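Chemist: Data file protein.csv (CSV, C-alpha atoms and all ligand atoms) is appended below.
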chain,number,residue,atom,x,y,z
A,1237,MET,CA,-27.5,-1.9,26.0
A,1238,LYS,CA,-26.5,1.7,26.5
A,1239,GLN,CA,-23.1,0.5,27.8
A,1240,LEU,CA,-22.7,-1.7,24.8
A,1241,LEU,CA,-23.4,1.3,22.5
A,1242,ALA,CA,-21.0,3.5,24.4
A,1243,CYS,CA,-18.4,0.8,24.1
A,1244,LEU,CA,-19.0,0.4,20.4
A,1245,SER,CA,-18.8,4.1,19.7
A,1246,LEU,CA,-15.5,4.2,21.6
A,1247,LEU,CA,-14.2,1.4,19.5
A,1248,ILE,CA,-15.2,3.1,16.3
A,1249,THR,CA,-13.5,6.3,17.5
A,1250,LEU,CA,-10.3,4.4,18.3
A,1251,THR,CA,-10.4,2.7,14.9
A,1252,VAL,CA,-10.9,6.0,13.0
A,1253,SER,CA,-8.2,7.8,15.0
A,1254,ALA,CA,-5.6,5.0,14.5
A,1255,GLN,CA,-4.1,6.8,11.6
A,1256,ILE,CA,-0.9,6.1,9.7
A,1257,LYS,CA,1.9,8.6,10.4
A,1258,VAL,CA,2.9,10.1,7.1
A,1259,ASP,CA,6.2,11.9,7.2
A,1260,ASP,CA,6.1,15.5,6.0
A,1261,ILE,CA,9.3,16.6,4.3
A,1262,GLY,CA,7.8,19.6,2.5
A,1263,GLU,CA,7.1,19.6,-1.3
A,1264,GLY,CA,3.5,18.6,-0.6
A,1265,TRP,CA,4.5,14.9,-0.4
A,1266,LYS,CA,2.4,14.3,2.7
A,1267,ASP,CA,-0.7,15.6,0.9
A,1268,SER,CA,0.0,13.4,-2.1
A,1269,VAL,CA,0.3,10.3,0.2
A,1270,ASN,CA,-2.9,11.2,2.0
A,1271,ARG,CA,-4.6,11.6,-1.4
A,1272,ALA,CA,-3.4,8.2,-2.3
A,1273,ILE,CA,-4.7,6.7,0.9
A,1274,GLU,CA,-8.0,8.4,0.3
A,1275,LYS,CA,-8.0,7.0,-3.3
A,1276,ILE,CA,-7.5,3.4,-1.9
A,1277,LYS,CA,-10.4,3.9,0.5
A,1278,GLU,CA,-12.8,5.1,-2.2
A,1279,SER,CA,-11.7,2.5,-4.7
A,1280,ASP,CA,-12.1,-0.5,-2.4
A,1281,PRO,CA,-12.4,-0.3,1.4
A,1282,PHE,CA,-10.8,-3.8,1.8
A,1283,TYR,CA,-7.4,-2.5,0.6
A,1284,HIS,CA,-7.7,0.5,3.0
A,1285,VAL,CA,-8.5,-1.7,6.0
A,1286,PHE,CA,-5.6,-4.0,4.9
A,1287,LEU,CA,-3.2,-1.1,4.6
A,1288,ASN,CA,-4.2,0.2,8.1
A,1289,ALA,CA,-3.8,-3.2,9.6
A,1290,ASN,CA,-0.3,-3.7,8.3
A,1291,CYS,CA,1.3,-0.2,8.1
A,1292,ASN,CA,1.5,2.6,10.7
A,1293,HIS,CA,4.2,4.8,9.2
A,1294,ILE,CA,5.0,6.0,5.7
A,1295,SER,CA,8.2,7.6,4.7
A,1296,TYR,CA,10.5,8.0,1.7
A,1297,THR,CA,13.6,6.4,0.2
A,1298,MET,CA,16.2,7.7,-2.2
A,1299,ALA,CA,16.4,4.1,-3.7
A,1300,SER,CA,14.7,3.9,-7.1
A,1301,PHE,CA,12.1,1.4,-5.9
A,1302,SER,CA,9.7,1.6,-3.0
A,1303,THR,CA,10.3,-0.9,-0.1
A,1304,THR,CA,9.5,-1.7,3.5
A,1305,GLU,CA,11.4,-1.1,6.7
A,1306,GLY,CA,10.9,-3.1,9.9
A,1307,ASP,CA,7.5,-4.7,10.2
A,1308,SER,CA,5.2,-1.7,9.7
A,1309,THR,CA,6.9,1.0,7.7
A,1310,ILE,CA,6.5,1.7,4.0
A,1311,LEU,CA,9.2,3.7,2.2
A,1312,ILE,CA,8.1,5.3,-1.1
A,1313,SER,CA,10.8,6.1,-3.6
A,1314,THR,CA,11.5,9.8,-4.1
A,1315,ARG,CA,11.4,9.1,-7.9
A,1316,GLN,CA,7.7,8.1,-7.6
A,1317,MET,CA,6.9,11.0,-5.2
A,1318,LYS,CA,8.5,13.5,-7.7
A,1319,ALA,CA,6.4,12.0,-10.6
A,1320,GLY,CA,3.4,12.5,-8.3
A,1321,TYR,CA,0.8,10.1,-9.8
A,1322,VAL,CA,-1.7,9.5,-7.1
A,1323,ASN,CA,-2.8,6.1,-8.5
A,1324,ASP,CA,0.9,5.0,-8.7
A,1325,ILE,CA,1.5,5.9,-5.1
A,1326,ALA,CA,-1.8,4.2,-4.1
A,1327,SER,CA,-0.9,0.9,-5.9
A,1328,THR,CA,2.6,1.1,-4.3
A,1329,LEU,CA,1.0,1.3,-0.8
A,1330,VAL,CA,-1.2,-1.7,-1.6
A,1331,HIS,CA,1.8,-3.7,-3.0
A,1332,GLU,CA,4.0,-2.9,0.0
A,1333,SER,CA,1.2,-3.6,2.5
A,1334,LEU,CA,1.2,-7.2,1.4
A,1335,HIS,CA,5.0,-7.4,1.8
A,1336,LEU,CA,4.5,-6.2,5.4
A,1337,TYR,CA,1.8,-8.7,5.9
A,1338,LEU,CA,3.9,-11.6,4.5
A,1339,LYS,CA,6.9,-10.5,6.6
A,1340,ARG,CA,4.8,-10.6,9.8
A,1341,LEU,CA,3.4,-14.0,8.9
A,1342,GLY,CA,7.0,-15.2,8.6
A,1343,LEU,CA,6.3,-17.4,5.5
A,1344,LYS,CA,9.4,-18.8,3.9
A,1345,LEU,CA,8.8,-17.5,0.3
A,1346,THR,CA,11.3,-17.0,-2.4
A,1347,GLU,CA,11.7,-13.4,-3.7
A,1348,ARG,CA,10.0,-14.5,-6.9
A,1349,GLU,CA,7.0,-16.1,-5.1
A,1350,GLU,CA,6.6,-13.0,-2.9
A,1351,GLU,CA,6.8,-10.5,-5.7
A,1352,LEU,CA,4.4,-12.5,-7.8
A,1353,MET,CA,1.8,-12.3,-5.0
A,1354,CYS,CA,2.4,-8.6,-4.4
A,1355,TYR,CA,2.1,-7.7,-8.1
A,1356,ARG,CA,-1.1,-9.8,-8.4
A,1357,PHE,CA,-2.5,-8.1,-5.3
A,1358,GLU,CA,-1.6,-4.7,-6.9
A,1359,LEU,CA,-3.2,-5.6,-10.2
A,1360,MET,CA,-6.4,-6.7,-8.4
A,1361,PHE,CA,-6.4,-3.4,-6.7
A,1362,LEU,CA,-5.8,-1.5,-10.0
A,1363,PHE,CA,-9.0,-3.1,-11.5
A,1364,ARG,CA,-10.9,-1.3,-8.7
A,1365,VAL,CA,-9.5,2.2,-9.6
A,1366,ILE,CA,-12.0,3.9,-11.9
A,1367,ASP,CA,-9.5,6.4,-13.5
A,1368,VAL,CA,-6.5,4.0,-13.6
A,1369,GLU,CA,-3.7,4.8,-16.1
A,1370,ALA,CA,-3.1,2.1,-18.7
A,1371,TRP,CA,0.7,2.2,-18.0
A,1372,LEU,CA,0.1,1.2,-14.4
A,1373,MET,CA,-1.8,-1.9,-15.5
A,1374,SER,CA,0.9,-2.7,-18.1
A,1375,HIS,CA,3.6,-2.4,-15.5
A,1376,ALA,CA,1.9,-4.8,-13.0
A,1377,ILE,CA,1.2,-7.3,-15.8
A,1378,THR,CA,4.8,-7.0,-17.1
A,1379,MET,CA,6.1,-7.7,-13.6
A,1380,ILE,CA,3.7,-10.6,-13.1
A,1381,ASN,CA,5.0,-12.1,-16.4
A,1382,HIS,CA,8.6,-11.4,-15.3
A,1383,TYR,CA,8.2,-13.2,-12.0
A,1384,SER,CA,6.1,-16.0,-13.5
A,1385,ILE,CA,9.1,-17.3,-15.4
A,1386,THR,CA,10.3,-20.2,-13.3
A,1387,ASP,CA,13.4,-21.4,-15.2
A,1388,LYS,CA,15.9,-18.8,-13.9
B,1401,ZN,ZN,7.6,-5.9,-4.1
For the structure just supplied, provide its representation as structure tokens.
Modeler:
Amino acid sequence: MKQLLACLSLLITLTVSAQIKVDDIGEGWKDSVNRAIEKIKESDPFYHVFLNANCNHISYTMASFSTTEGDSTILISTRQMKAGYVNDIASTLVHESLHLYLKRLGLKLTEREEELMCYRFELMFLFRVIDVEAWLMSHAITMINHYSITDK
């Protein structure tokens, strides 16, 4: 029993220390990303566990939209980082973590199908955020409507 407990506590320590590497390029961006990760954790632990399971590195991109790189890196757009809305960064991390998950599963989805899933996932997360901005909700709903149109 003692050995089991020692084993369990080691596992817990390993899980806690398995942190996502957040690139630090100055301007307080690393702190903003860490605040967003913390926000995900306090809003709904499921999305936090999901992010940790699928992403081990967060960096930035000059592109106007956030994206993924390889099978475990999320790139947040510098535009979003400059705007600095923690809930926006948090919902982006949730959205992109599902892209990483789907990429790893190797499902043959069309771009439309995949974005639809990711924006729905993002919207479900936003419902959990107590101080969510209305424009973030509107954006997710607009994108869901956009990708729901099948005749294009
Ligand atoms: Zn997407």
Chemist: Compute the set of protein, DNA and RNA residues whose minimum atom distance to ligand ZN 1401 (chain B) is at most 12 Å, using only C-alpha atoms and all ligand atoms, and state it as number ranges by chain.
Modeler: A: 1301-1304, 1310-1312, 1327-1339, 1346-1358, 1376, 1379-1380, 1383
Chemist: Around the point (0.5, 10.0, 13.9) (coordinates from the file), which residues reach within 12 Å if we count only C-alpha atoms? Answer as a PyMOL selection string.
Modeler: chain A and resi 1253-1260+1291-1294
Chemist: So how many Å separate atom CA of A:Gln1316 and atom CA of A:Arg1340, to one decimal?
Modeler: 25.7 Å
Chemist: With all atoms listed in the file as the atoms that count, which of A:Ser1384, A:Thr1309, A:Thr1378, A:Ser1268 lies nearest to A:Asn1323?
Modeler: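 Checking each candidate against A:Asn1323, we get A:Ser1268 as the closest.
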Chemist: Take atom CA of A:Arg1364 and atom CA of A:Asp1280 and report the distance between them in Å, one decimal.
Modeler: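 We find that atom CA of A:Arg1364 and atom CA of A:Asp1280 lie 6.5 Å from each other.
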Chemist: So what do you get for atom CA of A:Val1269 versus atom CA of A:Ala1319, distance-wise?
Modeler: 12.5 Å
Chemist: Provide stretch 1258-1284 of chain A rebuilt to N, CA and C atoms, formatted as a PDB file, in the frame of the given file.
Modeler:
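Contents of selection23.pdb, freshly written:
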ATOM      1  N   VAL A1258       2.268   9.814   8.390  1.00  0.00           N
ATOM      2  CA  VAL A1258       2.900  10.100   7.100  1.00  0.00           C
ATOM      3  C   VAL A1258       3.927  11.195   7.283  1.00  0.00           C
ATOM      4  N   ASP A1259       5.187  10.894   6.970  1.00  0.00           N
ATOM      5  CA  ASP A1259       6.200  11.900   7.200  1.00  0.00           C
ATOM      6  C   ASP A1259       6.019  13.092   6.223  1.00  0.00           C
ATOM      7  N   ASP A1260       6.317  14.263   6.776  1.00  0.00           N
ATOM      8  CA  ASP A1260       6.100  15.500   6.000  1.00  0.00           C
ATOM      9  C   ASP A1260       7.506  16.121   5.796  1.00  0.00           C
ATOM     10  N   ILE A1261       7.975  16.053   4.557  1.00  0.00           N
ATOM     11  CA  ILE A1261       9.300  16.600   4.300  1.00  0.00           C
ATOM     12  C   ILE A1261       9.177  17.824   3.352  1.00  0.00           C
ATOM     13  N   GLY A1262       7.989  18.428   3.359  1.00  0.00           N
ATOM     14  CA  GLY A1262       7.800  19.600   2.500  1.00  0.00           C
ATOM     15  C   GLY A1262       7.418  19.086   1.067  1.00  0.00           C
ATOM     16  N   GLU A1263       7.419  19.950   0.118  1.00  0.00           N
ATOM     17  CA  GLU A1263       7.100  19.600  -1.300  1.00  0.00           C
ATOM     18  C   GLU A1263       5.738  19.052  -1.506  1.00  0.00           C
ATOM     19  N   GLY A1264       4.871  19.098  -0.473  1.00  0.00           N
ATOM     20  CA  GLY A1264       3.500  18.600  -0.600  1.00  0.00           C
ATOM     21  C   GLY A1264       3.404  17.076  -0.701  1.00  0.00           C
ATOM     22  N   TRP A1265       4.474  16.375  -0.313  1.00  0.00           N
ATOM     23  CA  TRP A1265       4.500  14.900  -0.400  1.00  0.00           C
ATOM     24  C   TRP A1265       3.456  14.271   0.527  1.00  0.00           C
ATOM     25  N   LYS A1266       3.341  14.820   1.748  1.00  0.00           N
ATOM     26  CA  LYS A1266       2.400  14.300   2.700  1.00  0.00           C
ATOM     27  C   LYS A1266       0.968  14.342   2.146  1.00  0.00           C
ATOM     28  N   ASP A1267       0.650  15.466   1.498  1.00  0.00           N
ATOM     29  CA  ASP A1267      -0.700  15.600   0.900  1.00  0.00           C
ATOM     30  C   ASP A1267      -0.895  14.595  -0.210  1.00  0.00           C
ATOM     31  N   SER A1268       0.134  14.358  -1.019  1.00  0.00           N
ATOM     32  CA  SER A1268       0.000  13.400  -2.100  1.00  0.00           C
ATOM     33  C   SER A1268      -0.231  11.978  -1.526  1.00  0.00           C
ATOM     34  N   VAL A1269       0.496  11.639  -0.447  1.00  0.00           N
ATOM     35  CA  VAL A1269       0.300  10.300   0.200  1.00  0.00           C
ATOM     36  C   VAL A1269      -1.079  10.205   0.761  1.00  0.00           C
ATOM     37  N   ASN A1270      -1.533  11.259   1.419  1.00  0.00           N
ATOM     38  CA  ASN A1270      -2.900  11.200   2.000  1.00  0.00           C
ATOM     39  C   ASN A1270      -3.952  11.123   0.913  1.00  0.00           C
ATOM     40  N   ARG A1271      -3.699  11.769  -0.225  1.00  0.00           N
ATOM     41  CA  ARG A1271      -4.600  11.600  -1.400  1.00  0.00           C
ATOM     42  C   ARG A1271      -4.655  10.191  -1.856  1.00  0.00           C
ATOM     43  N   ALA A1272      -3.470   9.574  -1.883  1.00  0.00           N
ATOM     44  CA  ALA A1272      -3.400   8.200  -2.300  1.00  0.00           C
ATOM     45  C   ALA A1272      -4.116   7.248  -1.369  1.00  0.00           C
ATOM     46  N   ILE A1273      -3.981   7.505  -0.061  1.00  0.00           N
ATOM     47  CA  ILE A1273      -4.700   6.700   0.900  1.00  0.00           C
ATOM     48  C   ILE A1273      -6.192   6.850   0.766  1.00  0.00           C
ATOM     49  N   GLU A1274      -6.604   8.089   0.512  1.00  0.00           N
ATOM     50  CA  GLU A1274      -8.000   8.400   0.300  1.00  0.00           C
ATOM     51  C   GLU A1274      -8.530   7.652  -0.970  1.00  0.00           C
ATOM     52  N   LYS A1275      -7.666   7.626  -1.986  1.00  0.00           N
ATOM     53  CA  LYS A1275      -8.000   7.000  -3.300  1.00  0.00           C
ATOM     54  C   LYS A1275      -8.208   5.458  -3.031  1.00  0.00           C
ATOM     55  N   ILE A1276      -7.352   4.864  -2.206  1.00  0.00           N
ATOM     56  CA  ILE A1276      -7.500   3.400  -1.900  1.00  0.00           C
ATOM     57  C   ILE A1276      -8.822   3.196  -1.216  1.00  0.00           C
ATOM     58  N   LYS A1277      -9.151   4.071  -0.255  1.00  0.00           N
ATOM     59  CA  LYS A1277     -10.400   3.900   0.500  1.00  0.00           C
ATOM     60  C   LYS A1277     -11.622   3.996  -0.391  1.00  0.00           C
ATOM     61  N   GLU A1278     -11.628   4.952  -1.331  1.00  0.00           N
ATOM     62  CA  GLU A1278     -12.800   5.100  -2.200  1.00  0.00           C
ATOM     63  C   GLU A1278     -12.868   4.053  -3.301  1.00  0.00           C
ATOM     64  N   SER A1279     -11.707   3.469  -3.650  1.00  0.00           N
ATOM     65  CA  SER A1279     -11.700   2.500  -4.700  1.00  0.00           C
ATOM     66  C   SER A1279     -12.176   1.111  -4.195  1.00  0.00           C
ATOM     67  N   ASP A1280     -11.698   0.732  -2.997  1.00  0.00           N
ATOM     68  CA  ASP A1280     -12.100  -0.500  -2.400  1.00  0.00           C
ATOM     69  C   ASP A1280     -11.717  -0.532  -0.911  1.00  0.00           C
ATOM     70  N   PRO A1281     -12.702  -0.438  -0.015  1.00  0.00           N
ATOM     71  CA  PRO A1281     -12.400  -0.300   1.400  1.00  0.00           C
ATOM     72  C   PRO A1281     -11.536  -1.505   1.936  1.00  0.00           C
ATOM     73  N   PHE A1282     -11.609  -2.660   1.285  1.00  0.00           N
ATOM     74  CA  PHE A1282     -10.800  -3.800   1.800  1.00  0.00           C
ATOM     75  C   PHE A1282      -9.322  -3.439   1.786  1.00  0.00           C
ATOM     76  N   TYR A1283      -8.798  -2.836   0.697  1.00  0.00           N
ATOM     77  CA  TYR A1283      -7.400  -2.500   0.600  1.00  0.00           C
ATOM     78  C   TYR A1283      -6.996  -1.428   1.636  1.00  0.00           C
ATOM     79  N   HIS A1284      -7.962  -0.584   1.962  1.00  0.00           N
ATOM     80  CA  HIS A1284      -7.700   0.500   3.000  1.00  0.00           C
ATOM     81  C   HIS A1284      -7.598  -0.141   4.358  1.00  0.00           C
TER      82      HIS A1284
END
